[in-house]
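Coordinates as given in start_34.csv (CSV, C-alpha atoms and all ligand atoms):
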chain,number,residue,atom,x,y,z
X,1,MET,CA,-11.3,-132.1,24.0
X,2,THR,CA,-9.9,-132.7,20.5
X,3,THR,CA,-6.3,-133.7,20.7
X,4,THR,CA,-4.7,-134.4,17.4
X,5,LYS,CA,-3.6,-131.7,15.1
X,6,THR,CA,-5.5,-133.2,12.2
X,7,GLN,CA,-8.8,-133.3,14.2
X,8,ARG,CA,-8.3,-129.7,15.2
X,9,GLU,CA,-7.7,-128.7,11.6
X,10,GLU,CA,-10.7,-130.6,10.3
X,11,LEU,CA,-12.9,-129.0,13.0
X,12,LEU,CA,-11.7,-125.5,12.1
X,13,ALA,CA,-12.1,-126.1,8.4
X,14,LEU,CA,-15.9,-126.8,9.0
X,15,PHE,CA,-16.3,-123.2,10.3
X,16,GLU,CA,-13.9,-121.4,7.9
X,17,GLY,CA,-15.6,-118.3,6.3
X,18,LEU,CA,-18.8,-118.6,8.4
X,19,ARG,CA,-20.1,-115.5,10.0
X,20,VAL,CA,-21.2,-115.3,13.7
X,21,THR,CA,-24.8,-114.9,12.5
X,22,ASP,CA,-24.6,-118.1,10.3
X,23,VAL,CA,-23.3,-120.0,13.3
X,24,ARG,CA,-26.1,-118.6,15.3
X,25,ASP,CA,-28.6,-119.9,12.7
X,26,GLY,CA,-26.8,-123.3,12.7
X,27,MET,CA,-27.3,-123.5,16.4
X,28,ASP,CA,-31.0,-122.7,16.0
X,29,TRP,CA,-31.3,-125.4,13.4
X,30,ASN,CA,-30.1,-127.8,16.1
X,31,MET,CA,-32.6,-126.6,18.7
X,32,MET,CA,-30.0,-124.6,20.6
X,33,HIS,CA,-31.8,-121.3,20.6
X,34,HIS,CA,-31.0,-120.7,24.3
X,35,TYR,CA,-27.3,-121.3,24.0
X,36,GLY,CA,-24.1,-120.1,22.5
X,37,SER,CA,-24.4,-116.3,21.9
X,38,VAL,CA,-22.0,-114.5,24.3
X,39,SER,CA,-23.6,-111.3,25.8
X,40,TYR,CA,-23.6,-108.4,23.4
X,41,ASP,CA,-21.6,-106.3,25.8
X,42,ILE,CA,-18.5,-108.3,24.9
X,43,ARG,CA,-17.3,-106.5,21.8
X,44,PRO,CA,-14.3,-106.5,19.4
X,45,LEU,CA,-11.6,-104.0,20.0
X,46,PHE,CA,-11.6,-103.4,16.2
X,47,ARG,CA,-13.4,-105.0,13.3
X,48,THR,CA,-11.9,-108.4,12.6
X,49,ARG,CA,-12.9,-112.1,12.6
X,50,VAL,CA,-11.6,-115.3,14.1
X,51,VAL,CA,-12.5,-119.0,14.1
X,52,GLY,CA,-10.7,-121.0,16.7
X,53,ILE,CA,-10.7,-123.6,19.5
X,54,ALA,CA,-11.2,-122.4,23.0
X,55,ARG,CA,-8.5,-122.6,25.7
X,56,THR,CA,-10.0,-121.4,29.0
X,57,ALA,CA,-8.7,-120.0,32.2
X,58,ARG,CA,-10.3,-118.5,35.3
X,59,TYR,CA,-9.0,-115.6,37.4
X,60,VAL,CA,-10.5,-114.4,40.7
X,61,PRO,CA,-10.2,-111.3,42.9
X,62,TYR,CA,-7.1,-111.1,45.0
X,63,GLU,CA,-8.0,-111.6,48.7
X,64,THR,CA,-4.8,-110.2,50.3
X,65,PHE,CA,-3.7,-106.6,50.9
X,66,VAL,CA,-0.6,-105.2,49.3
X,67,PRO,CA,2.1,-104.6,51.9
X,68,THR,CA,3.4,-101.1,52.3
X,69,MET,CA,6.8,-100.8,50.5
X,70,LYS,CA,9.0,-98.3,48.7
X,71,PRO,CA,8.8,-97.9,44.9
X,72,GLU,CA,12.2,-99.6,44.5
X,73,GLU,CA,10.9,-102.6,46.4
X,74,TYR,CA,7.7,-102.6,44.4
X,75,THR,CA,9.4,-103.6,41.1
X,76,GLU,CA,10.5,-106.9,42.7
X,77,TRP,CA,7.1,-107.5,44.3
X,78,VAL,CA,5.4,-107.0,40.9
X,79,ARG,CA,7.8,-109.5,39.4
X,80,TRP,CA,6.9,-112.0,42.2
X,81,TYR,CA,3.2,-111.3,41.7
X,82,TYR,CA,3.3,-112.0,38.0
X,83,SER,CA,5.3,-115.2,38.4
X,84,GLU,CA,3.5,-116.7,41.5
X,85,VAL,CA,0.1,-115.1,41.8
X,86,CYS,CA,-1.3,-113.8,38.6
X,87,ASN,CA,0.6,-116.2,36.2
X,88,ASP,CA,-0.5,-117.8,33.0
X,89,PRO,CA,0.5,-121.5,33.1
X,90,TRP,CA,-2.0,-122.1,30.2
X,91,SER,CA,0.2,-120.1,27.8
X,92,LYS,CA,2.7,-123.0,27.6
X,93,ASP,CA,-0.1,-125.2,26.3
X,94,ILE,CA,-1.1,-123.0,23.4
X,95,GLU,CA,-1.6,-124.8,20.1
X,96,ASP,CA,-2.1,-123.4,16.6
X,97,GLY,CA,-5.7,-122.3,16.2
X,98,ASP,CA,-6.5,-121.6,19.9
X,99,VAL,CA,-8.7,-118.7,21.0
X,100,ILE,CA,-7.8,-117.8,24.6
X,101,VAL,CA,-10.9,-117.4,26.7
X,102,LEU,CA,-10.5,-115.7,30.1
X,103,ASP,CA,-12.9,-115.3,33.0
X,104,GLN,CA,-11.7,-112.5,35.2
X,105,SER,CA,-14.7,-112.6,37.6
X,106,GLY,CA,-15.7,-109.0,37.2
X,107,VAL,CA,-12.3,-107.6,38.3
X,108,ASP,CA,-11.5,-104.2,36.6
X,109,VAL,CA,-8.0,-104.9,35.2
X,110,GLY,CA,-6.6,-105.2,31.7
X,111,ILE,CA,-5.6,-108.8,31.9
X,112,LEU,CA,-4.8,-108.6,28.2
X,113,GLY,CA,-2.2,-106.1,27.0
X,114,SER,CA,0.2,-105.3,24.2
X,115,ASN,CA,2.8,-107.8,25.5
X,116,ASN,CA,1.0,-110.9,26.6
X,117,THR,CA,-1.4,-111.0,23.6
X,118,LEU,CA,1.6,-110.7,21.1
X,119,ASP,CA,3.4,-113.4,23.1
X,120,CYS,CA,0.4,-115.8,22.8
X,121,PHE,CA,-0.1,-114.9,19.2
X,122,SER,CA,3.5,-115.8,18.4
X,123,ARG,CA,2.7,-119.3,20.0
X,124,GLY,CA,-0.3,-119.9,17.8
X,125,ALA,CA,-3.3,-118.2,19.4
X,126,ARG,CA,-5.6,-116.6,16.9
X,127,GLY,CA,-7.5,-114.4,19.2
X,128,PHE,CA,-8.7,-113.6,22.7
X,129,VAL,CA,-12.1,-113.3,24.5
X,130,THR,CA,-12.5,-112.0,28.0
X,131,ASN,CA,-15.5,-111.0,30.2
X,132,GLY,CA,-13.2,-108.3,31.6
X,133,GLY,CA,-10.6,-105.8,30.2
X,134,VAL,CA,-7.8,-105.1,27.8
X,135,ARG,CA,-5.2,-102.4,28.1
X,136,ASP,CA,-2.5,-100.9,25.8
X,137,THR,CA,-5.2,-100.9,23.2
X,138,ASP,CA,-3.4,-98.6,20.7
X,139,GLU,CA,-0.6,-101.2,20.4
X,140,VAL,CA,-3.0,-104.2,20.4
X,141,ILE,CA,-4.8,-102.6,17.5
X,142,LEU,CA,-1.5,-101.7,15.7
X,143,GLN,CA,-0.4,-105.3,16.1
X,144,LYS,CA,-3.7,-106.5,14.7
X,145,ILE,CA,-4.4,-108.9,17.6
X,146,PRO,CA,-8.1,-109.9,17.6
X,147,VAL,CA,-9.5,-109.2,21.1
X,148,TRP,CA,-13.2,-109.3,22.3
X,149,SER,CA,-13.6,-107.8,25.7
X,150,LYS,CA,-16.2,-106.2,28.0
X,151,PHE,CA,-14.2,-103.0,28.6
X,152,ILE,CA,-10.9,-101.3,28.3
X,153,SER,CA,-9.1,-101.1,31.6
X,154,GLN,CA,-6.0,-99.0,32.5
X,155,LYS,CA,-5.1,-101.2,35.5
X,156,MET,CA,-2.4,-103.8,35.9
X,157,ASP,CA,-3.2,-107.2,37.7
X,158,GLN,CA,-1.0,-107.0,40.8
X,159,GLY,CA,-2.9,-106.6,44.1
X,160,ARG,CA,-6.2,-107.0,42.2
X,161,ILE,CA,-6.6,-110.4,40.5
X,162,ARG,CA,-5.0,-113.8,40.7
X,163,PHE,CA,-4.9,-117.0,38.5
X,164,GLU,CA,-7.2,-119.7,39.7
X,165,ALA,CA,-7.5,-122.5,37.2
X,166,LYS,CA,-7.0,-123.5,33.6
X,167,ASP,CA,-9.1,-125.7,31.3
X,168,VAL,CA,-12.1,-125.3,33.5
X,169,PRO,CA,-15.7,-124.4,32.4
X,170,VAL,CA,-15.9,-120.6,32.5
X,171,ASN,CA,-19.0,-118.3,32.3
X,172,ILE,CA,-18.4,-115.8,29.5
X,173,GLY,CA,-21.3,-113.4,28.9
X,174,GLY,CA,-23.8,-116.1,30.0
X,175,VAL,CA,-22.3,-119.0,28.0
X,176,VAL,CA,-20.3,-121.8,29.6
X,177,VAL,CA,-17.1,-122.2,27.6
X,178,ASN,CA,-15.1,-125.4,27.8
X,179,SER,CA,-11.6,-125.9,26.4
X,180,GLY,CA,-12.1,-127.5,23.0
X,181,ASP,CA,-15.3,-125.6,22.1
X,182,VAL,CA,-15.4,-123.9,18.8
X,183,ILE,CA,-15.3,-120.1,19.0
X,184,VAL,CA,-16.4,-117.9,16.1
X,185,ALA,CA,-16.1,-114.1,16.6
X,186,ASP,CA,-16.6,-111.1,14.3
X,187,GLY,CA,-18.1,-107.6,14.3
X,188,ASP,CA,-21.3,-109.1,15.6
X,189,GLY,CA,-19.7,-110.5,18.7
X,190,VAL,CA,-18.8,-114.0,19.9
X,191,ILE,CA,-20.6,-117.4,19.6
X,192,VAL,CA,-19.6,-120.7,21.2
X,193,VAL,CA,-20.3,-124.1,19.8
X,194,PRO,CA,-19.9,-127.2,22.0
X,195,GLN,CA,-17.5,-129.5,20.2
X,196,GLY,CA,-20.0,-132.5,20.2
X,197,ILE,CA,-22.5,-130.7,18.0
X,198,ALA,CA,-20.0,-128.7,15.9
X,199,PRO,CA,-20.3,-130.7,12.6
X,200,GLU,CA,-24.2,-130.4,12.6
X,201,VAL,CA,-24.1,-126.8,13.5
X,202,ALA,CA,-21.5,-126.0,10.8
X,203,LYS,CA,-23.6,-127.8,8.2
X,204,TYR,CA,-26.7,-125.7,8.7
X,205,ALA,CA,-24.6,-122.5,9.2
X,206,ARG,CA,-23.1,-123.2,5.8
X,207,GLN,CA,-26.6,-123.6,4.3
X,208,GLU,CA,-27.5,-120.2,5.7
X,209,LEU,CA,-24.4,-118.5,4.4
X,210,GLU,CA,-24.9,-119.9,0.9
X,211,ASN,CA,-28.5,-118.7,0.9
X,212,ASP,CA,-27.4,-115.2,2.0
X,213,LYS,CA,-24.8,-115.1,-0.8
X,214,LYS,CA,-27.2,-116.2,-3.4
X,215,GLY,CA,-29.8,-113.6,-2.4
X,216,ARG,CA,-27.4,-110.8,-2.2
X,217,ARG,CA,-25.7,-111.7,-5.4
X,218,ARG,CA,-29.0,-111.2,-7.2
X,219,LEU,CA,-29.4,-107.8,-5.6
X,220,TYR,CA,-25.8,-106.8,-6.5
X,221,GLU,CA,-26.6,-107.7,-10.1
X,222,ARG,CA,-29.9,-105.7,-10.0
X,223,LEU,CA,-27.9,-102.7,-8.6
X,224,GLY,CA,-25.1,-103.2,-11.3
X,225,TRP,CA,-22.5,-103.7,-8.5
X,226,GLU,CA,-19.3,-105.5,-9.1
X,227,LEU,CA,-19.4,-108.9,-7.2
X,228,ASP,CA,-17.1,-109.1,-4.2
X,229,GLU,CA,-15.9,-112.1,-2.1
X,230,THR,CA,-19.0,-111.8,0.2
X,231,VAL,CA,-21.3,-112.9,-2.7
X,232,ARG,CA,-19.1,-115.2,-4.7
F,1,LIG,O1,0.7,-107.1,32.2
F,1,LIG,C1,-0.4,-107.6,31.8
F,1,LIG,O2,-1.0,-108.4,32.5
F,1,LIG,C2,-1.1,-107.1,30.6
F,1,LIG,C3,-0.2,-106.1,29.9
F,1,LIG,O3,-0.2,-104.9,30.2
F,1,LIG,C4,0.7,-106.6,28.8
F,1,LIG,O4,0.8,-107.8,28.6
F,1,LIG,O5,1.3,-105.7,28.1
F,2,MG,MG,1.3,-103.8,29.1
Write the structure described by the file as structure tokens, please.
Ligand SMILES: O=C([O-])CC(=O)C(=O)O
Ligand SMILES: [Mg+2]
Amino acid sequence: MTTTKTQREELLALFEGLRVTDVRDGMDWNMMHHYGSVSYDIRPLFRTRVVGIARTARYVPYETFVPTMKPEEYTEWVRWYYSEVCNDPWSKDIEDGDVIVLDQSGVDVGILGSNNTLDCFSRGARGFVTNGGVRDTDEVILQKIPVWSKFISQKMDQGRIRFEAKDVPVNIGGVVVNSGDVIVADGDGVIVVPQGIAPEVAKYARQELENDKKGRRRLYERLGWELDETVR
């Protein structure tokens, strides 16, 4: 995994402005046709784009039952659960430019919400990808926090899911994501680029973007349209 701040900035600069489709093409140009595209059922909560470096964590189903208790005892139990069982030790590691990638093992909870996404965002995270759910979505959208998820879930974590490991390989929509991989995400979904091939992928992705711009610029001119930033 890239460690220095400068190396991270250089890596991210290679992908700045590239679309998911350009990066898809750049992977193809490197004979990676089989790899990188996260399943199309993992979608953005709203139209936005992000380029970042993956920071992964895995969560698994909670195996234990919830003891019977009174509502006034439940508040304390939930506090314990979030601090000891479904915690997020990876959040202390967040660096500028991270995309948080969570595997929630198919559990129907909103592991991401209005609070924890904003907290991570304030620490430098640029966006979030989960193969599970997000909740509090009206506020997440209002706060403009980029999230790609499989579904929206109303449910909290306690009694349902627990933290298992951080910085481990995770399977997100059929792609193994490692901490340090490059993540590009936009309205077309999410693509993952293994760090080792990132410069070669970015080079041919850039070629595809420039060809697309050139072609569409000619069509804009034929149509008498004003040129916008997507063709300049
Ligand atoms: O509690 C959670 O795990 C997610 C959530 O609702 C929030 O952060 O607002
Ligand atoms: Mg919440």
query: Neighbours of ligand LIG 1 (chain F) within 10 Å, counting only C-alpha atoms and all ligand atoms, as a PyMOL selection string?
result: chain X and resi 78+82+86-88+109-120+133-137+139-140+153-158+161
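Between CA of Ser105 (chain X) and CA of Ser83 (chain X) the interatomic distance comes to 20.2 Å.
For the residues X:Ser91, X:Ser39, X:Asn171, X:Gln7, ranking by smallest atom-to-atom distance to Ala125 (chain X) using all atoms listed in the file places X:Ser91 first.
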- request: Fewer than 5 positions away in the same chain doesn't count, so skip those; otherwise give me all residues within 9 Å of Val192 (chain X), counting only C-alpha atoms, as a PyMOL selection string.
  value: chain X and resi 23+35-38+54+175-177+181-185
task: Write out as a list in words each polymer residue whose atoms come within 8 Å of Asp96 (chain X), counting only C-alpha atoms; drop sequence neighbours fewer than 5 positions from it.
output: Arg123, Gly124, Ala125 and Arg126 of chain X
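When all atoms listed in the file are used to measure the gap to Pro61 (chain X), the shortest distance among X:Gly106, X:Gly224, X:Pro146, X:Gly97 belongs to X:Gly106.
Distance check against ligand MG 2 (chain F) using all atoms listed in the file: of X:Glu229, X:Glu72, X:Asp138, X:Asp22, the minimum falls on X:Asp138.
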Non-local contacts of Arg24 (chain X) (9 Å; all atoms listed in the file; under 2 positions in same chain excluded) as a compact mmCIF listing (two decimals) with C-alpha atoms, in the coordinates of the input:
# COMPACT_ATOMS: atom_id res chain seq x y z
CA ARG X 19 -20.10 -115.50 10.00
CA VAL X 20 -21.20 -115.30 13.70
CA THR X 21 -24.80 -114.90 12.50
CA ASP X 22 -24.60 -118.10 10.30
CA GLY X 26 -26.80 -123.30 12.70
CA MET X 27 -27.30 -123.50 16.40
CA ASP X 28 -31.00 -122.70 16.00
CA TRP X 29 -31.30 -125.40 13.40
CA MET X 32 -30.00 -124.60 20.60
CA HIS X 33 -31.80 -121.30 20.60
CA GLY X 36 -24.10 -120.10 22.50
CA SER X 37 -24.40 -116.30 21.90
CA ILE X 191 -20.60 -117.40 19.60
CA VAL X 201 -24.10 -126.80 13.50
CA ALA X 205 -24.60 -122.50 9.20
All file atoms of region 85-101 of chain X boxed axis-aligned, 3 Å per side, centre plus edges, as JSON:
{"center_x": -4.1, "center_y": -119.5, "center_z": 29.0, "size_x": 19.6, "size_y": 17.4, "size_z": 31.6}
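CA of Asp188 (chain X) lies 21.7 Å from CA of Glu200 (chain X).
As for CA of Arg55 (chain X) and CA of Ser179 (chain X), they are spaced 4.6 Å apart.
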- request: For Leu11 (chain X), list every protein, DNA or RNA residue within 12 Å, evaluated using only C-alpha atoms, and leave out those in the same chain fewer than 5 positions away; present the list as a list in words.
  value: Met1, Thr2, Thr3, Thr4, Lys5, Thr6, Glu16, Val51, Gly52, Ile53, Gly97, Asp98, Gly180, Asp181, Val182, Ile183, Val193, Pro194, Gln195, Gly196, Ile197, Ala198, Pro199, Glu200, Val201, Ala202 and Lys203 of chain X
Fill-in result for region 4-26 of chain X, N, CA and C atoms as an mmCIF file, in the frame of the given file:
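To be explicit, this is the file written out as part-v7.cif:
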data_model
loop_
_atom_site.group_PDB
_atom_site.id
_atom_site.type_symbol
_atom_site.label_atom_id
_atom_site.label_comp_id
_atom_site.auth_asym_id
_atom_site.auth_seq_id
_atom_site.Cartn_x
_atom_site.Cartn_y
_atom_site.Cartn_z
ATOM 1 N N THR X 4 -5.722 -134.405 18.465
ATOM 2 C CA THR X 4 -4.700 -134.400 17.400
ATOM 3 C C THR X 4 -4.830 -133.187 16.528
ATOM 4 N N LYS X 5 -3.683 -132.880 15.926
ATOM 5 C CA LYS X 5 -3.600 -131.700 15.100
ATOM 6 C C LYS X 5 -4.545 -131.792 13.896
ATOM 7 N N THR X 6 -4.635 -132.997 13.313
ATOM 8 C CA THR X 6 -5.500 -133.200 12.200
ATOM 9 C C THR X 6 -6.983 -132.982 12.551
ATOM 10 N N GLN X 7 -7.393 -133.518 13.705
ATOM 11 C CA GLN X 7 -8.800 -133.300 14.200
ATOM 12 C C GLN X 7 -9.095 -131.864 14.368
ATOM 13 N N ARG X 8 -8.137 -131.139 14.927
ATOM 14 C CA ARG X 8 -8.300 -129.700 15.200
ATOM 15 C C ARG X 8 -8.477 -128.973 13.817
ATOM 16 N N GLU X 9 -7.620 -129.327 12.862
ATOM 17 C CA GLU X 9 -7.700 -128.700 11.600
ATOM 18 C C GLU X 9 -8.993 -128.953 10.850
ATOM 19 N N GLU X 10 -9.463 -130.212 10.956
ATOM 20 C CA GLU X 10 -10.700 -130.600 10.300
ATOM 21 C C GLU X 10 -11.896 -129.814 10.963
ATOM 22 N N LEU X 11 -11.864 -129.700 12.267
ATOM 23 C CA LEU X 11 -12.900 -129.000 13.000
ATOM 24 C C LEU X 11 -12.936 -127.506 12.570
ATOM 25 N N LEU X 12 -11.777 -126.895 12.509
ATOM 26 C CA LEU X 12 -11.700 -125.500 12.100
ATOM 27 C C LEU X 12 -12.123 -125.260 10.678
ATOM 28 N N ALA X 13 -11.781 -126.212 9.805
ATOM 29 C CA ALA X 13 -12.100 -126.100 8.400
ATOM 30 C C ALA X 13 -13.652 -126.037 8.202
ATOM 31 N N LEU X 14 -14.385 -126.776 9.056
ATOM 32 C CA LEU X 14 -15.900 -126.800 9.000
ATOM 33 C C LEU X 14 -16.432 -125.371 9.136
ATOM 34 N N PHE X 15 -15.746 -124.535 9.909
ATOM 35 C CA PHE X 15 -16.300 -123.200 10.300
ATOM 36 C C PHE X 15 -15.626 -122.079 9.466
ATOM 37 N N GLU X 16 -14.662 -122.419 8.614
ATOM 38 C CA GLU X 16 -13.900 -121.400 7.900
ATOM 39 C C GLU X 16 -14.889 -120.538 7.044
ATOM 40 N N GLY X 17 -14.792 -119.234 7.176
ATOM 41 C CA GLY X 17 -15.600 -118.300 6.300
ATOM 42 C C GLY X 17 -17.011 -118.099 6.864
ATOM 43 N N LEU X 18 -17.443 -118.836 7.892
ATOM 44 C CA LEU X 18 -18.800 -118.600 8.400
ATOM 45 C C LEU X 18 -18.844 -117.388 9.288
ATOM 46 N N ARG X 19 -19.953 -116.660 9.169
ATOM 47 C CA ARG X 19 -20.100 -115.500 10.000
ATOM 48 C C ARG X 19 -20.760 -115.912 11.350
ATOM 49 N N VAL X 20 -20.625 -115.032 12.358
ATOM 50 C CA VAL X 20 -21.200 -115.300 13.700
ATOM 51 C C VAL X 20 -22.739 -115.564 13.483
ATOM 52 N N THR X 21 -23.385 -114.773 12.632
ATOM 53 C CA THR X 21 -24.800 -114.900 12.500
ATOM 54 C C THR X 21 -25.165 -116.292 11.802
ATOM 55 N N ASP X 22 -24.325 -116.742 10.866
ATOM 56 C CA ASP X 22 -24.600 -118.100 10.300
ATOM 57 C C ASP X 22 -24.491 -119.153 11.333
ATOM 58 N N VAL X 23 -23.482 -119.041 12.206
ATOM 59 C CA VAL X 23 -23.300 -120.000 13.300
ATOM 60 C C VAL X 23 -24.476 -119.966 14.240
ATOM 61 N N ARG X 24 -24.932 -118.730 14.514
ATOM 62 C CA ARG X 24 -26.100 -118.600 15.300
ATOM 63 C C ARG X 24 -27.312 -119.347 14.727
ATOM 64 N N ASP X 25 -27.500 -119.183 13.427
ATOM 65 C CA ASP X 25 -28.600 -119.900 12.700
ATOM 66 C C ASP X 25 -28.362 -121.404 12.803
ATOM 67 N N GLY X 26 -27.129 -121.838 12.595
ATOM 68 C CA GLY X 26 -26.800 -123.300 12.700
ATOM 69 C C GLY X 26 -27.110 -123.852 14.035
#
